[in-house]
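Enquirer: So that we are looking at the same thing, I have put the structure below in structure tokens.
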Amino acid sequence: MPATFTASGVPKLDHVVVVMEENKFYEDVIGSSQAPYINSLAKQGASFSDFHGVVHPSQGNYVALFSGSTHGIKDDDCPHDYSSDNLGNQLLTHGKTFVGYSEDLPSDGSKDCGDDGDSGYARKHNGWVDFKNVPASSNLRMSRFPSDYSKLPDVSFVTPNLTDDMHDGTVREGDDWLRKNLDGYVQWAKTHNSALVLTWDEDDSDDDVNHIPTLVVGAHVKQGYKGKSRGDLYSLLRTLEDMHGLPALGEAASRQPLTDLWDDGGSTPPGSSDDLALNRPTKTSSTESTSYSGAKAVDGDPATRWASKEGSDPQWIQVDLGADTDINRVKLTWEDAYAKAYTVQTSKDGSSWSTVYSTTSGDGGTDDLTVSGKGRYVRLNGTKRGTSYGYSLYGFEVYGKAGSATTPPVESGADLTDPAKKEIAMELVSSAENSSLDWKAQYTYIEDIDDGRGYTGGIVGFCSGTGDMLDLVEHYTDLKPDNALAKYLPALRKVNGSDSHSGLGSAFVSAWHTAAKDAVFRQAQDDERDRVYFDPAVQQAKADGLQALGQFAYYDAIVMHGPGDDATSFGGIRATALRHAKPPSQGGDETAYLNAFLDARVAAMKTEEAHSDTSRVDTEQRVFLKAGNLRLNPPLKWKVYGDPYEIDG
């Protein structure tokens, strides 16, 4: 099967099993006669001679590999409990699967600390159990590791007991355990688009070198490859996240993924490793509802899908690659509503079509098709349904040698979670908050604008006096304890609820500018923007039946007024609007309801001198509303504080 690679050069594997061993120097294992099986794995796959743990003692390394941060752990105490994001939660919330398997775990889901030297299980070697957002169903005994390897999760972590992980036992004992328990999987993985990662938590010293063995063996791994570039456990986390299209967490954001070890065996033609259809504009013959738009088949998310209307043939979906492209592969991932008969077609102009594949015996699942064609547009045309429903695709992927694609236009019906629409929302807010469309330049912004809220800073105006700046710095410190802003947490807690600068001042402003150069801090700002403002606003707007413009109106309001329920907060503004008009979810007219919401918003703004200029509503949002642009489709022209702005189509 051809390897499918991400843009960063990491293959999209079906299963990865990560095993972490304990407390051994690189030379204790690699080349040692006490580790014959492990050294055979190095010959079968790839090994790294300059790989490192990130901290001493053990526990911080397990947490770091799983979350991108040691969370300040400098001990092996138990328990530690965190609510921050991590690899397991990322996978599960993106429609993927994760399970950690621990040998001698007292029971499935157990949070027991274990008893070193007694049960053989130690929670300090089980990083996932420290995170409250990883469910108990993802914390299983090693005896639950499936013998049918196709039933493994997308990513698994395996922790042997204290003898078998070489902590209390010998290298030979650990080597024997790996051979007996995992060689079956290793040999299966080579031919089933899967891999084993074998690494160690730390070496057997207290110094900063922390030189550990690390190996990868399985499908698409260069046999006998010896990596010499420096890497560490954060590099490994970054690789797993890139493999599954997940944002890099914490310190992983500053690492490069491991790429040189992978080999597609020459099966993937040059220029074909990227999905050329990813986030490109689509058209469809129909959709079952707005929740199943064509964009959902090309967004790279295995949990979202396009669905046509039910009970009707033919139906089609097409993607615009942006330029004439030599196409050699199309991958279709069907939902239960699959096509019994369909064609794949290409076109240079979107009007005249050439068939590059056809079948009358489709059976659903995944169709990974080798084709030969050329065109800017690729269409899947279903002519006979396999069920009584319609047609539905989780994934519509296209591979080949790309031309010079144009910037993808925004799909007209997409909501604000569409990446291009979200970018528009960020630019609109930035025009009002920062008098610029370059919202990404605002990570470094901080000043007191004399609105009674202390310092205002960052991409959505986090304020020292309203709690969200404190939440941001706490989140940043959770991701990266040793940061430039951490020492100001006591002062931020003290000034919360006031406009005071006590304990902050110019030194704090300088530290903010320093932090803004850190990718982890920028990620923390994105996280808090989405958690506190963007996600709640969009979710509430969708529940009220509002399209992209209404979703943006909610978002802009919650950024300025906060998410509370008093009369001048977002909840109070919405409550006022509901007293005057019904939203679409209650059978009301969308335009009438949005006018009522904007009226309530303006009234709330006029209660504060700092926000008495209501042009971000009057000459921005009402302009779009009066034009009937409920989907917030570009081109867009508006003014804020008298300054003109424009987003081209």
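We name chains A, B, ... following the order of the structure tokens; residues begin at 1 in each chain, and ligands are numbered from 1 as shown.
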Would you please give, as number ranges by chain, all residues of segment 28-276 of chain A that DSSP assigns to strand (DSSP E or B) based on the backbone?
Expert: A: 46-48, 51-52, 82, 98-102, 114, 122, 131, 139-141, 155-159, 194-200, 211-212, 214-218, 221, 225-227, 231-232, 262
Enquirer: So that I can see what lies close to segment 315-325 of chain A, please list as a VMD selection string the residues with an atom at most 9 Å from it, counting only C-alpha atoms and leaving out residues fewer than 6 positions away in the same chain.
Expert: chain A and resid 276 to 278 280 to 286 294 298 306 308 to 309 345 347 to 348 350 373 to 384 390 to 391 396 398 400 to 408
Enquirer: Residues near Tyr443 of chain A, anyone? I mean within 7 Å using only C-alpha atoms, not counting same-chain ones fewer than 5 positions away, as a list in words.
Expert: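 Neighbouring residues, sequence-local ones excluded: Gly458, Ile459, Ala516 and Arg522 of chain A.
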Enquirer: Next, write the just-selected residues to a file, as an mmCIF file, in the first residue's frame, keeping C-alpha atoms as the atom set.
Expert:
data_model
loop_
_atom_site.group_PDB
_atom_site.id
_atom_site.type_symbol
_atom_site.label_atom_id
_atom_site.label_comp_id
_atom_site.auth_asym_id
_atom_site.auth_seq_id
_atom_site.Cartn_x
_atom_site.Cartn_y
_atom_site.Cartn_z
ATOM 1 C CA GLY A 458 -2.573 39.718 23.169
ATOM 2 C CA ILE A 459 -4.758 38.617 20.289
ATOM 3 C CA ALA A 516 5.478 36.606 22.759
ATOM 4 C CA ARG A 522 1.398 32.027 21.238
#
Enquirer: Give me every helix (DSSP H, G or I) residue in segment 496-530 of chain A, going by DSSP on the backbone, as a count of residues only.
Expert: 23
Enquirer: When distances are computed from only C-alpha atoms, which of A:Gly9, A:Pro213, A:Gly571, A:Gly365 shows the smallest separation from Asn39 of chain A?
Expert: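 Among the listed residues, the smallest separation from Asn39 of chain A belongs to A:Pro213.
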Enquirer: So that I can check the surroundings of Thr191 of chain A, please list as a list of chain:residue names every protein, DNA and RNA residue that reaches within 10 Å of it, counting only C-alpha atoms and ignoring chain neighbours fewer than 2 positions away.
Expert: A:Met1, A:Val186, A:Gln187, A:Trp188, A:Ala189, A:Asn193, A:Ser194, A:Ala195, A:Gly218, A:Ala219, A:His220
Enquirer: Filtering to N, CA and C atoms, could you give me those residues as a PDB file, in the first residue's frame?
Expert:
ATOM      1  N   MET A   1       0.847  -1.200   0.000  1.00  0.00           N
ATOM      2  CA  MET A   1       0.000   0.000   0.000  1.00  0.00           C
ATOM      3  C   MET A   1       0.878   1.244   0.000  1.00  0.00           C
ATOM      4  N   VAL A 186       5.177  -6.393  16.122  1.00  0.00           N
ATOM      5  CA  VAL A 186       6.205  -5.773  15.286  1.00  0.00           C
ATOM      6  C   VAL A 186       6.181  -6.357  13.877  1.00  0.00           C
ATOM      7  N   GLN A 187       6.134  -7.677  13.781  1.00  0.00           N
ATOM      8  CA  GLN A 187       6.171  -8.301  12.455  1.00  0.00           C
ATOM      9  C   GLN A 187       4.888  -8.016  11.677  1.00  0.00           C
ATOM     10  N   TRP A 188       3.774  -7.954  12.373  1.00  0.00           N
ATOM     11  CA  TRP A 188       2.497  -7.607  11.726  1.00  0.00           C
ATOM     12  C   TRP A 188       2.514  -6.161  11.252  1.00  0.00           C
ATOM     13  N   ALA A 189       3.082  -5.270  12.060  1.00  0.00           N
ATOM     14  CA  ALA A 189       3.068  -3.843  11.749  1.00  0.00           C
ATOM     15  C   ALA A 189       3.751  -3.534  10.426  1.00  0.00           C
ATOM     16  N   ASN A 193       0.861  -0.997   7.758  1.00  0.00           N
ATOM     17  CA  ASN A 193       0.897   0.456   7.915  1.00  0.00           C
ATOM     18  C   ASN A 193       0.910   0.875   9.383  1.00  0.00           C
ATOM     19  N   SER A 194       1.756   0.213  10.160  1.00  0.00           N
ATOM     20  CA  SER A 194       1.810   0.458  11.606  1.00  0.00           C
ATOM     21  C   SER A 194       3.261   0.408  12.068  1.00  0.00           C
ATOM     22  N   ALA A 195       3.498   0.766  13.322  1.00  0.00           N
ATOM     23  CA  ALA A 195       4.884   0.812  13.804  1.00  0.00           C
ATOM     24  C   ALA A 195       4.940   0.682  15.320  1.00  0.00           C
ATOM     25  N   GLY A 218       8.815  -0.788  11.754  1.00  0.00           N
ATOM     26  CA  GLY A 218       7.485  -1.022  11.209  1.00  0.00           C
ATOM     27  C   GLY A 218       7.398  -0.605   9.763  1.00  0.00           C
ATOM     28  N   ALA A 219       6.186  -0.321   9.317  1.00  0.00           N
ATOM     29  CA  ALA A 219       5.936   0.055   7.930  1.00  0.00           C
ATOM     30  C   ALA A 219       6.582   1.399   7.614  1.00  0.00           C
ATOM     31  N   HIS A 220       7.164   1.502   6.403  1.00  0.00           N
ATOM     32  CA  HIS A 220       7.724   2.756   5.875  1.00  0.00           C
ATOM     33  C   HIS A 220       8.915   3.263   6.674  1.00  0.00           C
TER      34      HIS A 220
END
Enquirer: Contacts of His580 of chain A at 8 Å or less, counting only C-alpha atoms, minus same-chain residues fewer than 2 places along, as a list in words?
Expert: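 Near neighbours after the sequence-gap exclusion: Thr576, Ala577, Leu578, Lys582, Tyr593 and Ala596 of chain A.
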Enquirer: Tell me, as an MDAnalysis selection string, which residues lie within 12 Å of Ala432 of chain A, counting only C-alpha atoms; anything in the same chain fewer than 6 positions away does not count.
Expert: chainID A and resid 425:426 438:439 459:461 556:557 559:560 611 613:617 619:621 638:645
Enquirer: Counting only C-alpha atoms, which of A:Leu489, A:Ala307, A:Val429, A:Leu249 gets nearest to Thr290 of chain A?
Expert: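 Of all the options, A:Ala307 lies closest to Thr290 of chain A.
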Enquirer: I'd like the contact shell of segment 53-60 of chain A - 8 Å cut-off, only C-alpha atoms, skipping same-chain residues fewer than 6 positions apart - returned as a count of residues only.
Expert: 23
Enquirer: Quick one: pull the distance between atom CA of Lys43 of chain A and atom CA of Lys180 of chain A, Å, one decimal.
Expert: 18.3 Å
Enquirer: Given only C-alpha atoms, how would the per-residue table for segment 485-601 of chain A near segment 254-262 of chain A read, listing every residue at most 12 Å away with its closest atom pair and distance in Å to one decimal, sorted by chain and number, as a tab-separated table?
Expert:
residue	atom	partner	partner_atom	distance
A:Lys517	CA	A:Ser254	CA	11.3
A:Asp518	CA	A:Ser254	CA	8.5
A:Ala519	CA	A:Ser254	CA	6.7
A:Val520	CA	A:Ser254	CA	7.7
A:Phe521	CA	A:Ser254	CA	11.1
A:Arg522	CA	A:Ser254	CA	11.5
A:Gln523	CA	A:Ser254	CA	11.0
Enquirer: For the residues selected in the previous step, produce a file with N, CA and C atoms as a PDB file, in the first residue's frame.
Expert:
ATOM      1  N   LYS A 517       7.642  35.936  21.877  1.00  0.00           N
ATOM      2  CA  LYS A 517       8.534  35.307  20.904  1.00  0.00           C
ATOM      3  C   LYS A 517       8.508  33.784  21.012  1.00  0.00           C
ATOM      4  N   ASP A 518       7.888  33.281  22.063  1.00  0.00           N
ATOM      5  CA  ASP A 518       7.844  31.848  22.356  1.00  0.00           C
ATOM      6  C   ASP A 518       6.607  31.222  21.721  1.00  0.00           C
ATOM      7  N   ALA A 519       6.804  30.202  20.888  1.00  0.00           N
ATOM      8  CA  ALA A 519       5.681  29.534  20.225  1.00  0.00           C
ATOM      9  C   ALA A 519       4.702  28.942  21.232  1.00  0.00           C
ATOM     10  N   VAL A 520       5.202  28.547  22.397  1.00  0.00           N
ATOM     11  CA  VAL A 520       4.327  27.970  23.421  1.00  0.00           C
ATOM     12  C   VAL A 520       3.367  29.038  23.953  1.00  0.00           C
ATOM     13  N   PHE A 521       3.854  30.272  24.133  1.00  0.00           N
ATOM     14  CA  PHE A 521       2.984  31.350  24.606  1.00  0.00           C
ATOM     15  C   PHE A 521       1.945  31.718  23.547  1.00  0.00           C
ATOM     16  N   ARG A 522       2.357  31.738  22.303  1.00  0.00           N
ATOM     17  CA  ARG A 522       1.398  32.027  21.238  1.00  0.00           C
ATOM     18  C   ARG A 522       0.326  30.935  21.170  1.00  0.00           C
ATOM     19  N   GLN A 523       0.744  29.687  21.354  1.00  0.00           N
ATOM     20  CA  GLN A 523      -0.235  28.602  21.389  1.00  0.00           C
ATOM     21  C   GLN A 523      -1.172  28.749  22.581  1.00  0.00           C
TER      22      GLN A 523
END
Enquirer: Between atom CA of Arg305 of chain A and atom CA of Asp368 of chain A, what distance in Å does the model show, to one decimal?
Expert: 17.3 Å
Enquirer: How many Å separate atom CA of Met142 of chain A from atom CA of Ser102 of chain A?
Expert: 4.9 Å
Enquirer: Find, counting only C-alpha atoms, the residue in A:Leu198, A:Val344, A:Val623, A:Val134 that gets nearest to Gly45 of chain A.
Expert: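 Among the listed residues, the smallest separation from Gly45 of chain A belongs to A:Leu198.
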